[in-house]
$ cat model-v3.txt   # compact mmCIF, C-alpha atoms
# COMPACT_ATOMS: atom_id res chain seq x y z
CA MET V 1460 121.39 -3.95 10.32
CA SER V 1461 121.07 -6.29 13.33
CA GLU V 1462 124.23 -7.37 15.11
CA LEU V 1463 125.65 -10.48 13.52
CA PRO V 1464 124.98 -13.47 15.81
CA LEU V 1465 128.58 -14.70 16.09
CA SER V 1466 130.22 -11.26 16.26
CA ASP V 1467 131.55 -12.02 19.77
CA LEU V 1468 133.63 -14.99 18.53
CA ARG V 1469 137.22 -14.96 17.30
CA VAL V 1470 138.20 -17.92 15.10
CA ILE V 1471 141.76 -18.70 14.05
CA GLU V 1472 141.77 -20.74 10.85
CA LEU V 1473 144.91 -22.72 10.04
CA GLY V 1474 143.35 -24.99 7.43
CA GLN V 1475 143.95 -24.96 3.73
CA LEU V 1476 142.22 -26.13 0.57
CA LEU V 1477 138.57 -26.74 1.42
CA ALA V 1478 137.49 -28.82 4.44
CA GLY V 1479 138.89 -26.48 7.12
CA PRO V 1480 138.35 -23.22 5.24
CA PHE V 1481 134.69 -23.99 4.46
CA CYS V 1482 134.08 -24.43 8.19
CA GLY V 1483 135.70 -21.03 8.71
CA GLN V 1484 133.55 -19.56 5.94
CA LEU V 1485 130.36 -20.77 7.61
CA LEU V 1486 131.36 -19.23 10.94
CA GLY V 1487 132.43 -15.99 9.26
CA ASP V 1488 129.16 -15.76 7.34
CA PHE V 1489 127.38 -15.31 10.67
CA GLY V 1490 129.77 -12.70 11.97
CA ALA V 1491 132.67 -14.48 13.65
CA GLU V 1492 136.00 -12.69 13.29
CA VAL V 1493 137.90 -15.29 11.27
CA ILE V 1494 141.65 -14.77 11.08
CA LYS V 1495 143.16 -16.99 8.44
CA VAL V 1496 146.82 -17.71 9.20
CA GLU V 1497 148.71 -18.59 6.00
CA ASP V 1498 152.24 -19.52 5.02
CA PRO V 1499 154.17 -16.36 4.01
CA GLY V 1500 155.43 -17.91 0.79
CA ARG V 1501 152.31 -18.80 -1.16
CA GLY V 1502 149.38 -18.95 1.22
CA ASP V 1503 146.48 -21.33 0.89
CA PRO V 1504 146.63 -23.30 -2.41
CA MET V 1505 142.94 -22.40 -2.84
CA ARG V 1506 144.21 -19.01 -4.00
CA GLU V 1507 145.18 -20.78 -7.23
CA TRP V 1508 142.39 -23.33 -7.59
CA GLY V 1509 139.48 -23.21 -10.01
CA ARG V 1510 139.07 -23.72 -13.74
CA GLU V 1511 138.57 -20.09 -14.76
CA LYS V 1512 141.14 -17.47 -13.77
CA PRO V 1513 140.35 -13.99 -15.10
CA HIS V 1514 143.24 -11.64 -14.37
CA GLY V 1515 145.17 -14.78 -13.42
CA LYS V 1516 143.24 -15.08 -10.16
CA SER V 1517 140.97 -17.77 -8.74
CA LEU V 1518 137.21 -17.26 -8.68
CA TRP V 1519 136.94 -19.86 -5.92
CA TRP V 1520 139.12 -18.00 -3.42
CA PRO V 1521 136.86 -14.92 -3.07
CA VAL V 1522 134.05 -17.25 -1.97
CA VAL V 1523 135.73 -19.68 0.43
CA ALA V 1524 137.78 -16.91 2.05
CA ARG V 1525 134.99 -14.35 2.25
CA ASN V 1526 134.52 -12.44 5.52
CA LYS V 1527 138.06 -13.39 6.65
CA LEU V 1528 141.27 -11.60 7.57
CA SER V 1529 144.59 -12.90 6.25
CA ALA V 1530 147.76 -12.85 8.36
CA THR V 1531 150.93 -14.67 7.36
CA CYS V 1532 153.01 -16.77 9.75
CA ASP V 1533 155.56 -19.55 9.29
CA LEU V 1534 154.27 -22.19 11.69
CA ARG V 1535 157.30 -24.42 11.09
CA SER V 1536 159.54 -21.90 12.86
CA PRO V 1537 159.77 -21.46 16.66
CA ASP V 1538 159.04 -17.74 16.29
CA GLY V 1539 155.92 -18.49 14.27
CA GLN V 1540 154.72 -21.06 16.78
CA ALA V 1541 155.23 -18.60 19.62
CA LEU V 1542 153.27 -15.96 17.70
CA LEU V 1543 150.39 -18.33 17.14
CA ARG V 1544 150.27 -19.27 20.81
CA GLN V 1545 149.91 -15.59 21.67
CA LEU V 1546 147.12 -15.21 19.13
CA LEU V 1547 145.29 -18.31 20.34
CA SER V 1548 145.35 -17.00 23.90
CA LYS V 1549 142.90 -14.37 22.65
CA ALA V 1550 140.72 -16.71 20.54
CA ASP V 1551 137.57 -18.77 21.00
CA VAL V 1552 138.05 -21.35 18.25
CA LEU V 1553 140.93 -22.90 16.33
CA VAL V 1554 140.05 -24.58 13.02
CA GLU V 1555 142.66 -26.78 11.34
CA ASN V 1556 142.71 -29.59 8.78
CA PHE V 1557 146.32 -30.75 8.82
CA ARG V 1558 147.19 -34.44 9.03
CA PRO V 1559 146.88 -35.71 12.64
CA GLY V 1560 150.02 -35.03 14.67
CA THR V 1561 151.04 -31.89 12.78
CA LEU V 1562 150.05 -29.45 15.51
CA GLU V 1563 151.67 -31.70 18.08
CA ARG V 1564 154.99 -31.64 16.18
CA TRP V 1565 154.84 -27.85 16.21
CA GLY V 1566 154.38 -27.72 19.98
CA LEU V 1567 150.72 -26.73 19.55
CA SER V 1568 148.91 -29.76 20.96
CA PRO V 1569 145.48 -29.22 22.52
CA GLU V 1570 146.91 -29.79 25.99
CA THR V 1571 149.58 -27.14 25.40
CA LEU V 1572 147.07 -24.64 24.03
CA TRP V 1573 144.65 -25.20 26.90
CA GLU V 1574 147.42 -24.19 29.31
CA VAL V 1575 147.21 -20.64 27.91
CA ASN V 1576 143.50 -20.70 26.98
CA PRO V 1577 141.38 -23.33 28.80
CA GLY V 1578 138.25 -22.33 26.91
CA LEU V 1579 139.66 -22.79 23.41
CA VAL V 1580 137.55 -25.01 21.14
CA ILE V 1581 139.87 -26.90 18.77
CA THR V 1582 138.10 -28.04 15.60
CA ARG V 1583 140.06 -30.62 13.60
CA VAL V 1584 138.93 -31.78 10.15
CA THR V 1585 140.71 -34.76 8.56
CA GLY V 1586 140.05 -37.63 6.20
CA TYR V 1587 139.86 -40.38 8.82
CA GLY V 1588 139.69 -38.61 12.19
CA GLN V 1589 142.26 -38.16 14.95
CA THR V 1590 142.24 -41.80 16.09
CA GLY V 1591 142.11 -45.27 14.58
CA PRO V 1592 144.51 -47.19 12.32
CA TYR V 1593 143.89 -44.97 9.28
CA ALA V 1594 144.35 -41.65 11.09
CA PRO V 1595 147.95 -41.09 9.86
CA ARG V 1596 147.00 -41.54 6.21
CA ALA V 1597 146.66 -38.63 3.80
CA GLY V 1598 142.93 -38.15 3.29
CA PHE V 1599 141.31 -36.04 0.58
CA GLY V 1600 137.57 -35.52 0.15
CA ALA V 1601 137.32 -37.95 -2.76
CA ILE V 1602 138.72 -40.79 -0.63
CA GLY V 1603 136.31 -39.98 2.18
CA GLU V 1604 133.41 -40.05 -0.28
CA ALA V 1605 134.47 -43.52 -1.41
CA MET V 1606 134.97 -44.87 2.12
CA GLY V 1607 131.79 -43.25 3.46
CA GLY V 1608 129.66 -45.04 0.87
CA ILE V 1609 128.34 -42.32 -1.38
CA ARG V 1610 130.60 -43.02 -4.36
CA TYR V 1611 129.42 -46.62 -4.62
CA VAL V 1612 125.78 -45.62 -5.12
CA MET V 1613 126.42 -42.76 -7.59
CA GLY V 1614 126.25 -43.42 -11.33
CA GLU V 1615 124.50 -45.63 -13.83
CA PRO V 1616 123.84 -49.35 -13.27
CA GLY V 1617 126.61 -51.48 -14.73
CA SER V 1618 129.05 -48.56 -14.96
CA PRO V 1619 131.86 -47.54 -12.57
CA PRO V 1620 130.94 -45.14 -9.75
CA VAL V 1621 130.99 -41.43 -10.56
CA ARG V 1622 131.54 -38.34 -8.45
CA ALA V 1623 129.47 -35.22 -7.97
CA GLY V 1624 130.85 -32.16 -9.74
CA ILE V 1625 131.54 -30.48 -6.41
CA SER V 1626 133.76 -31.26 -3.40
CA LEU V 1627 130.97 -33.02 -1.54
CA GLY V 1628 133.02 -34.84 1.13
CA ASP V 1629 134.99 -31.74 2.12
CA ALA V 1630 131.85 -29.62 2.35
CA LEU V 1631 130.01 -32.19 4.46
CA ALA V 1632 132.93 -32.60 6.88
CA ALA V 1633 133.21 -28.82 7.20
CA THR V 1634 129.49 -28.44 7.84
CA PHE V 1635 129.55 -31.10 10.56
CA ALA V 1636 132.69 -29.43 11.96
CA CYS V 1637 130.79 -26.15 12.17
CA LEU V 1638 127.90 -27.89 13.93
CA GLY V 1639 130.32 -29.53 16.37
CA THR V 1640 132.01 -26.18 17.01
CA MET V 1641 128.73 -24.54 17.95
CA VAL V 1642 127.84 -27.47 20.25
CA ALA V 1643 131.27 -27.23 21.93
CA LEU V 1644 130.85 -23.48 22.40
CA HIS V 1645 127.44 -24.07 23.98
CA HIS V 1646 128.99 -26.57 26.37
CA ARG V 1647 131.75 -24.07 27.19
CA GLN V 1648 129.11 -21.63 28.43
CA ARG V 1649 128.33 -24.10 31.24
CA SER V 1650 131.77 -25.61 31.88
CA GLY V 1651 134.20 -22.85 30.92
CA ARG V 1652 136.28 -25.47 29.14
CA GLY V 1653 137.08 -26.03 25.50
CA GLN V 1654 137.31 -29.41 23.82
CA VAL V 1655 138.36 -31.04 20.54
CA VAL V 1656 135.83 -31.31 17.71
CA ASP V 1657 136.97 -34.26 15.58
CA SER V 1658 135.29 -34.19 12.14
CA ALA V 1659 136.30 -36.98 9.74
CA ILE V 1660 135.36 -36.71 6.07
CA TYR V 1661 134.36 -40.36 5.74
CA GLU V 1662 132.13 -40.13 8.84
CA ALA V 1663 130.44 -36.96 7.58
CA VAL V 1664 129.63 -38.78 4.33
CA LEU V 1665 128.50 -41.87 6.25
CA ALA V 1666 126.12 -39.69 8.27
CA MET V 1667 124.23 -38.90 5.04
CA MET V 1668 123.78 -42.51 3.96
CA GLU V 1669 120.27 -42.94 5.37
CA SER V 1670 119.44 -46.61 6.12
CA LEU V 1671 122.30 -48.11 4.10
CA ILE V 1672 123.92 -49.89 7.08
CA PRO V 1673 120.82 -51.52 8.62
CA GLU V 1674 119.51 -52.44 5.17
CA TRP V 1675 122.59 -54.62 4.71
CA ALA V 1676 122.99 -55.81 8.30
CA VAL V 1677 119.36 -56.74 8.86
CA ALA V 1678 117.87 -57.36 5.41
CA GLY V 1679 120.95 -58.30 3.37
CA TYR V 1680 120.15 -55.57 0.84
CA GLN V 1681 123.04 -53.72 -0.80
CA ARG V 1682 122.16 -50.39 -2.39
CA GLU V 1683 123.48 -50.16 -5.93
CA ARG V 1684 123.88 -47.46 -8.55
CA THR V 1685 120.51 -46.54 -10.00
CA GLY V 1686 121.24 -43.54 -12.23
CA ALA V 1687 118.65 -40.77 -12.19
CA VAL V 1688 116.11 -42.59 -10.02
CA LEU V 1689 115.77 -44.11 -6.57
CA PRO V 1690 114.55 -47.73 -6.52
CA ASN V 1691 110.88 -48.09 -5.61
CA VAL V 1692 110.32 -44.31 -5.56
CA SER V 1693 108.12 -43.34 -8.52
CA PRO V 1694 107.40 -41.10 -10.24
CA SER V 1695 110.49 -39.05 -9.46
CA ASN V 1696 112.56 -38.49 -12.58
CA VAL V 1697 113.58 -36.11 -15.33
CA TYR V 1698 111.20 -36.01 -18.27
CA PRO V 1699 111.52 -34.57 -21.81
CA THR V 1700 109.42 -31.64 -23.02
CA GLY V 1701 108.06 -30.77 -26.44
CA ASP V 1702 110.62 -28.00 -26.96
CA GLY V 1703 113.68 -30.09 -26.09
CA ASP V 1704 114.00 -29.08 -22.45
CA LEU V 1705 114.01 -31.32 -19.36
CA VAL V 1706 111.69 -31.04 -16.35
CA LEU V 1707 112.03 -32.89 -13.06
CA ILE V 1708 108.76 -34.16 -11.59
CA ALA V 1709 108.53 -35.62 -8.07
CA ALA V 1710 105.07 -37.08 -7.43
CA ASN V 1711 105.76 -40.31 -5.56
CA GLN V 1712 103.43 -39.62 -2.60
CA ASP V 1713 99.89 -41.01 -3.08
CA SER V 1714 98.06 -37.69 -2.85
CA VAL V 1715 100.58 -35.93 -5.09
CA PHE V 1716 100.36 -38.68 -7.69
CA GLY V 1717 96.61 -38.18 -7.68
CA ARG V 1718 97.17 -34.50 -8.49
CA LEU V 1719 99.61 -35.40 -11.26
CA SER V 1720 97.08 -37.79 -12.76
CA ALA V 1721 94.50 -35.00 -12.79
CA VAL V 1722 96.93 -32.57 -14.44
CA MET V 1723 97.63 -35.21 -17.09
CA ASP V 1724 93.86 -35.51 -17.71
CA GLN V 1725 94.21 -39.17 -16.82
CA PRO V 1726 92.61 -39.33 -13.34
CA GLY V 1727 92.10 -43.06 -13.71
CA LEU V 1728 95.85 -43.61 -13.27
CA ALA V 1729 95.57 -42.89 -9.54
CA ALA V 1730 93.05 -45.72 -9.11
CA ASP V 1731 94.77 -48.17 -11.46
CA PRO V 1732 96.06 -51.10 -9.37
CA ARG V 1733 99.42 -50.79 -11.14
CA PHE V 1734 99.91 -47.28 -9.75
CA ALA V 1735 97.49 -46.88 -6.83
CA THR V 1736 100.04 -47.25 -4.02
CA HIS V 1737 103.62 -46.19 -3.38
CA SER V 1738 104.83 -49.80 -3.56
CA ALA V 1739 102.90 -50.50 -6.76
CA ARG V 1740 104.29 -47.43 -8.47
CA GLY V 1741 107.79 -48.43 -7.41
CA ALA V 1742 107.37 -51.86 -8.95
CA ALA V 1743 105.99 -50.35 -12.16
CA MET V 1744 108.54 -47.51 -12.38
CA THR V 1745 109.62 -48.12 -15.98
CA GLU V 1746 106.07 -48.34 -17.30
CA LEU V 1747 104.94 -45.27 -15.35
CA ASP V 1748 107.94 -43.18 -16.42
CA SER V 1749 107.16 -44.05 -20.04
CA LEU V 1750 103.54 -42.92 -19.65
CA ILE V 1751 104.56 -39.62 -18.08
CA ALA V 1752 107.30 -38.97 -20.66
CA THR V 1753 104.82 -39.53 -23.49
CA TRP V 1754 102.63 -36.83 -21.97
CA THR V 1755 105.38 -34.31 -21.10
CA SER V 1756 106.78 -34.59 -24.64
CA THR V 1757 103.60 -33.01 -26.02
CA LEU V 1758 104.06 -29.74 -24.12
CA PRO V 1759 106.66 -26.96 -24.13
CA ALA V 1760 108.48 -26.62 -20.82
CA GLU V 1761 106.82 -23.36 -19.74
CA ASP V 1762 103.32 -24.69 -20.38
CA LEU V 1763 104.13 -27.99 -18.70
CA LEU V 1764 105.54 -26.31 -15.59
CA ALA V 1765 102.60 -23.89 -15.37
CA ARG V 1766 100.17 -26.80 -15.35
CA LEU V 1767 102.16 -28.75 -12.79
CA HIS V 1768 102.56 -25.79 -10.43
CA GLU V 1769 98.88 -24.87 -10.70
CA GLY V 1770 97.99 -28.49 -9.96
CA GLY V 1771 100.19 -28.63 -6.84
CA VAL V 1772 102.74 -31.07 -8.29
CA PRO V 1773 106.41 -30.53 -7.30
CA ALA V 1774 108.32 -29.87 -10.52
CA GLY V 1775 111.08 -27.70 -11.89
CA ARG V 1776 113.86 -27.22 -14.38
CA ILE V 1777 117.41 -28.34 -13.67
CA PHE V 1778 119.13 -25.01 -13.03
CA LYS V 1779 122.53 -23.90 -14.26
CA ALA V 1780 124.33 -20.75 -13.09
CA ALA V 1781 122.76 -18.62 -15.83
CA ASP V 1782 119.28 -19.76 -14.77
CA MET V 1783 119.98 -18.86 -11.15
CA LEU V 1784 121.18 -15.37 -12.04
CA ALA V 1785 118.03 -14.72 -14.09
CA ASP V 1786 115.45 -16.34 -11.78
CA PRO V 1787 112.96 -14.10 -9.92
CA HIS V 1788 112.81 -16.36 -6.85
CA PHE V 1789 116.59 -16.23 -6.40
CA ALA V 1790 116.34 -12.43 -6.72
CA ALA V 1791 113.42 -12.05 -4.32
CA ARG V 1792 115.20 -14.04 -1.59
CA GLN V 1793 118.61 -12.52 -2.35
CA ALA V 1794 120.02 -16.03 -2.74
CA ILE V 1795 122.84 -14.47 -4.80
CA VAL V 1796 124.62 -11.30 -3.71
CA THR V 1797 127.34 -9.17 -5.24
CA VAL V 1798 130.51 -8.34 -3.33
CA PRO V 1799 133.05 -5.65 -4.29
CA HIS V 1800 136.33 -7.12 -5.56
CA PRO V 1801 139.47 -5.20 -6.64
CA ASP V 1802 139.85 -7.21 -9.87
CA PHE V 1803 136.36 -8.51 -10.70
CA GLY V 1804 134.24 -5.51 -9.75
CA ASP V 1805 130.85 -6.49 -8.30
CA LEU V 1806 131.40 -10.23 -7.94
CA PRO V 1807 128.26 -12.41 -7.64
CA MET V 1808 128.27 -15.40 -5.28
CA HIS V 1809 125.77 -17.40 -3.24
CA ASN V 1810 124.46 -15.73 -0.11
CA VAL V 1811 124.49 -17.04 3.45
CA ALA V 1812 122.30 -20.01 4.37
CA PRO V 1813 120.20 -20.55 6.38
CA LYS V 1814 118.34 -17.26 6.76
CA LEU V 1815 117.74 -16.02 10.31
CA SER V 1816 114.78 -13.70 10.89
CA ALA V 1817 116.36 -11.53 13.60
CA THR V 1818 120.13 -11.89 13.18
CA PRO V 1819 120.88 -12.99 9.61
CA GLY V 1820 124.41 -13.60 8.39
CA SER V 1821 125.94 -11.59 5.58
CA VAL V 1822 128.72 -11.52 3.02
CA ARG V 1823 130.76 -8.46 3.87
CA THR V 1824 134.06 -8.92 2.05
CA ALA V 1825 135.52 -11.18 -0.61
CA GLY V 1826 138.61 -13.29 0.10
CA PRO V 1827 141.57 -11.08 1.13
CA ALA V 1828 145.02 -10.69 -0.40
CA LEU V 1829 147.78 -12.78 1.16
CA GLY V 1830 148.89 -11.13 4.41
CA GLU V 1831 146.55 -8.20 3.91
CA HIS V 1832 145.86 -8.00 7.65
CA SER V 1833 149.21 -9.13 9.08
CA GLU V 1834 150.01 -5.81 10.70
CA GLN V 1835 146.47 -5.52 12.09
CA VAL V 1836 146.70 -8.99 13.64
CA TRP V 1837 150.30 -9.16 14.86
CA GLY V 1838 150.63 -5.49 15.69
CA GLY V 1839 147.16 -4.41 16.76
CA LEU V 1840 145.83 -7.63 18.27
CA VAL V 1841 148.90 -9.47 19.55
CA GLY V 1842 150.64 -6.18 20.36
CA LEU V 1843 154.03 -6.52 18.63
CA GLY V 1844 155.95 -3.29 18.21
CA PRO V 1845 157.31 -1.95 14.88
CA ASP V 1846 160.83 -3.23 15.50
CA GLU V 1847 159.67 -6.78 16.27
CA LEU V 1848 157.35 -6.77 13.25
CA ALA V 1849 160.24 -5.67 11.06
CA ARG V 1850 162.50 -8.39 12.45
CA LEU V 1851 159.94 -11.14 11.89
CA ARG V 1852 159.19 -9.87 8.40
CA ALA V 1853 162.87 -9.80 7.49
CA ALA V 1854 163.29 -13.35 8.81
CA GLY V 1855 160.36 -14.59 6.68
CA VAL V 1856 158.29 -15.51 9.73
CA ILE V 1857 155.41 -13.22 8.77

$ encode --input "model-v3.txt" --output "structure tokens"
Amino acid sequence: MSELPLSDLRVIELGQLLAGPFCGQLLGDFGAEVIKVEDPGRGDPMREWGREKPHGKSLWWPVVARNKLSATCDLRSPDGQALLRQLLSKADVLVENFRPGTLERWGLSPETLWEVNPGLVITRVTGYGQTGPYAPRAGFGAIGEAMGGIRYVMGEPGSPPVRAGISLGDALAATFACLGTMVALHHRQRSGRGQVVDSAIYEAVLAMMESLIPEWAVAGYQRERTGAVLPNVSPSNVYPTGDGDLVLIAANQDSVFGRLSAVMDQPGLAADPRFATHSARGAAMTELDSLIATWTSTLPAEDLLARLHEGGVPAGRIFKAADMLADPHFAARQAIVTVPHPDFGDLPMHNVAPKLSATPGSVRTAGPALGEHSEQVWGGLVGLGPDELARLRAAGVI
């Protein structure tokens, strides 16, 4: 196997729950040595999160903490803070998602850390960022989704906003944090200096909102909730099949709509003034969706999809986990891998994305037990002797 592309990086992860740890997961997926420093008492609350808990253990933790080492340390104690400073002197990146000011109260401000390690990149993920009037507020992903604009446009017209069934804001902030970390590391190659990467959840969500701001500022148009469709983009919807399934068809581009019309054996639709252009189809969305649904309802899903694929029309089922595990394309691309786990056996989870042709990432281990690597980190890496390790353990510091 090729050397993992980030295998020369050491990342210290202090975050908990999701926004910080997902950034650490992304870096670890591509080979960074990620040392997760956790409170000795209970560790990251993610160890207990998730709906299903076979053997009383989270199925979320093995994923978000994969490819990481776990070392315990009480960062509220002077001894713990001193330990962390020693560890950070040997690190490339610090990832944290505490409320702004927390590291500073612990004597671990960026300026202090750069005294012992000028090249340290300090990646900070919060709800509102490190500056501004809202910075001191508690900020969870859901609040960032609301402030960043995505909650307002999600749901059915005339109904209250809804949320996605995943932690979208946290994941976006973590992904942008990972991008910022790699940019800061690239800059360090030229300057030798680290810097702060400030990733705010609401800003990560805002970055995904397309032309929402100029649409309002320039044209006075406020995007609203539109359910399963996008205004003026048609056809692009979920349609019923003859055997009770649902198929998503996206044929809003002129040439693709022409192919859909041919597959429907109604080639005249593409020349009909009601549907001949993108704008016309958008204006006639309801009528066009009704025509397509009438046709799709006459065919079983497999037959419908075969015709659409053969005709070059983008279409597919709406996948659930069971579909993914049984699908040949997922299998061919190894989109799902199995990882050994002491309680769950061969545990399936999503693989690393994106795929690199020469130096791909990999899932090497599932999330570790609390403090599983404390001796390796504090003894082997930091260099504490057996007596000092015993003292710190007895005092509850590690």

$ atom_distance --input "model-v3.txt" --atom1 "atom CA of Glu1507 of chain V" --atom2 "atom CA of Asn1526 of chain V"
18.6 Å

$ residues_around --input "model-v3.txt" --residues "segment 1803-1818 of chain V" --least-positions-apart "4" --cutoff "7 Å" --atoms "only C-alpha atoms" --output "list in words"
Ser1461, Glu1462, Leu1463, Pro1464, Asp1488, Val1522, Ala1794, Ile1795, Val1796, Thr1797, Val1798, Pro1799 and Val1822 of chain V

$ residues_around --input "model-v3.txt" --residues "Leu1851 of chain V" --least-positions-apart "3" --cutoff "12 Å" --atoms "only C-alpha atoms" --output "ChimeraX atom specification"
/V:1499,1531-1533,1536-1539,1541-1542,1833-1834,1837-1838,1843-1848,1854-1857

$ write_last_selection --input "model-v3.txt" --atoms "C-alpha atoms" --output "short mmCIF file (atom, residue, chain, number, x, y, z; two decimals), keeping the file's coordinate frame"
data_model
loop_
_atom_site.label_atom_id
_atom_site.label_comp_id
_atom_site.auth_asym_id
_atom_site.auth_seq_id
_atom_site.Cartn_x
_atom_site.Cartn_y
_atom_site.Cartn_z
CA PRO V 1499 154.17 -16.36 4.01
CA THR V 1531 150.93 -14.67 7.36
CA CYS V 1532 153.01 -16.77 9.75
CA ASP V 1533 155.56 -19.55 9.29
CA SER V 1536 159.54 -21.90 12.86
CA PRO V 1537 159.77 -21.46 16.66
CA ASP V 1538 159.04 -17.74 16.29
CA GLY V 1539 155.92 -18.49 14.27
CA ALA V 1541 155.23 -18.60 19.62
CA LEU V 1542 153.27 -15.96 17.70
CA SER V 1833 149.21 -9.13 9.08
CA GLU V 1834 150.01 -5.81 10.70
CA TRP V 1837 150.30 -9.16 14.86
CA GLY V 1838 150.63 -5.49 15.69
CA LEU V 1843 154.03 -6.52 18.63
CA GLY V 1844 155.95 -3.29 18.21
CA PRO V 1845 157.31 -1.95 14.88
CA ASP V 1846 160.83 -3.23 15.50
CA GLU V 1847 159.67 -6.78 16.27
CA LEU V 1848 157.35 -6.77 13.25
CA ALA V 1854 163.29 -13.35 8.81
CA GLY V 1855 160.36 -14.59 6.68
CA VAL V 1856 158.29 -15.51 9.73
CA ILE V 1857 155.41 -13.22 8.77
#

$ closest_residue --input "model-v3.txt" --among "V:Asp1704, V:Glu1497, V:Asp1724, V:Glu1570" --to "Pro1759 of chain V" --atoms "all atoms listed in the file"
V:Asp1704

$ atom_distance --input "model-v3.txt" --atom1 "atom CA of Ser1626 of chain V" --atom2 "atom CA of Ala1601 of chain V"
7.6 Å

$ residues_near_point --input "model-v3.txt" --point "(141.1, -14.2, 21.9)" --cutoff "9 Å" --atoms "only C-alpha atoms" --output "mmCIF file with C-alpha atoms, keeping the file's coordinate frame"
data_model
loop_
_atom_site.group_PDB
_atom_site.id
_atom_site.type_symbol
_atom_site.label_atom_id
_atom_site.label_comp_id
_atom_site.auth_asym_id
_atom_site.auth_seq_id
_atom_site.Cartn_x
_atom_site.Cartn_y
_atom_site.Cartn_z
ATOM 1 C CA LEU V 1468 133.630 -14.990 18.530
ATOM 2 C CA ARG V 1469 137.220 -14.960 17.300
ATOM 3 C CA VAL V 1470 138.200 -17.920 15.100
ATOM 4 C CA GLN V 1545 149.910 -15.590 21.670
ATOM 5 C CA LEU V 1546 147.120 -15.210 19.130
ATOM 6 C CA LEU V 1547 145.290 -18.310 20.340
ATOM 7 C CA SER V 1548 145.350 -17.000 23.900
ATOM 8 C CA LYS V 1549 142.900 -14.370 22.650
ATOM 9 C CA ALA V 1550 140.720 -16.710 20.540
ATOM 10 C CA ASP V 1551 137.570 -18.770 21.000
ATOM 11 C CA VAL V 1552 138.050 -21.350 18.250
ATOM 12 C CA ASN V 1576 143.500 -20.700 26.980
ATOM 13 C CA LEU V 1579 139.660 -22.790 23.410
ATOM 14 C CA LEU V 1840 145.830 -7.630 18.270
#

$ residues_around --input "model-v3.txt" --residues "Leu1486 of chain V" --least-positions-apart "3" --cutoff "10 Å" --atoms "only C-alpha atoms" --output "list in words"
Pro1464, Leu1465, Ser1466, Leu1468, Arg1469, Val1470, Pro1480, Phe1481, Cys1482, Gly1483, Phe1489, Gly1490, Ala1491, Glu1492, Val1493, Asn1526, Lys1527, Thr1634, Cys1637, Leu1638, Thr1640, Met1641 and Gly1820 of chain V

$ closest_residue --input "model-v3.txt" --among "V:Ala1760, V:Ala1659, V:Leu1534, V:Met1667" --to "Gln1589 of chain V" --atoms "only C-alpha atoms"
V:Ala1659
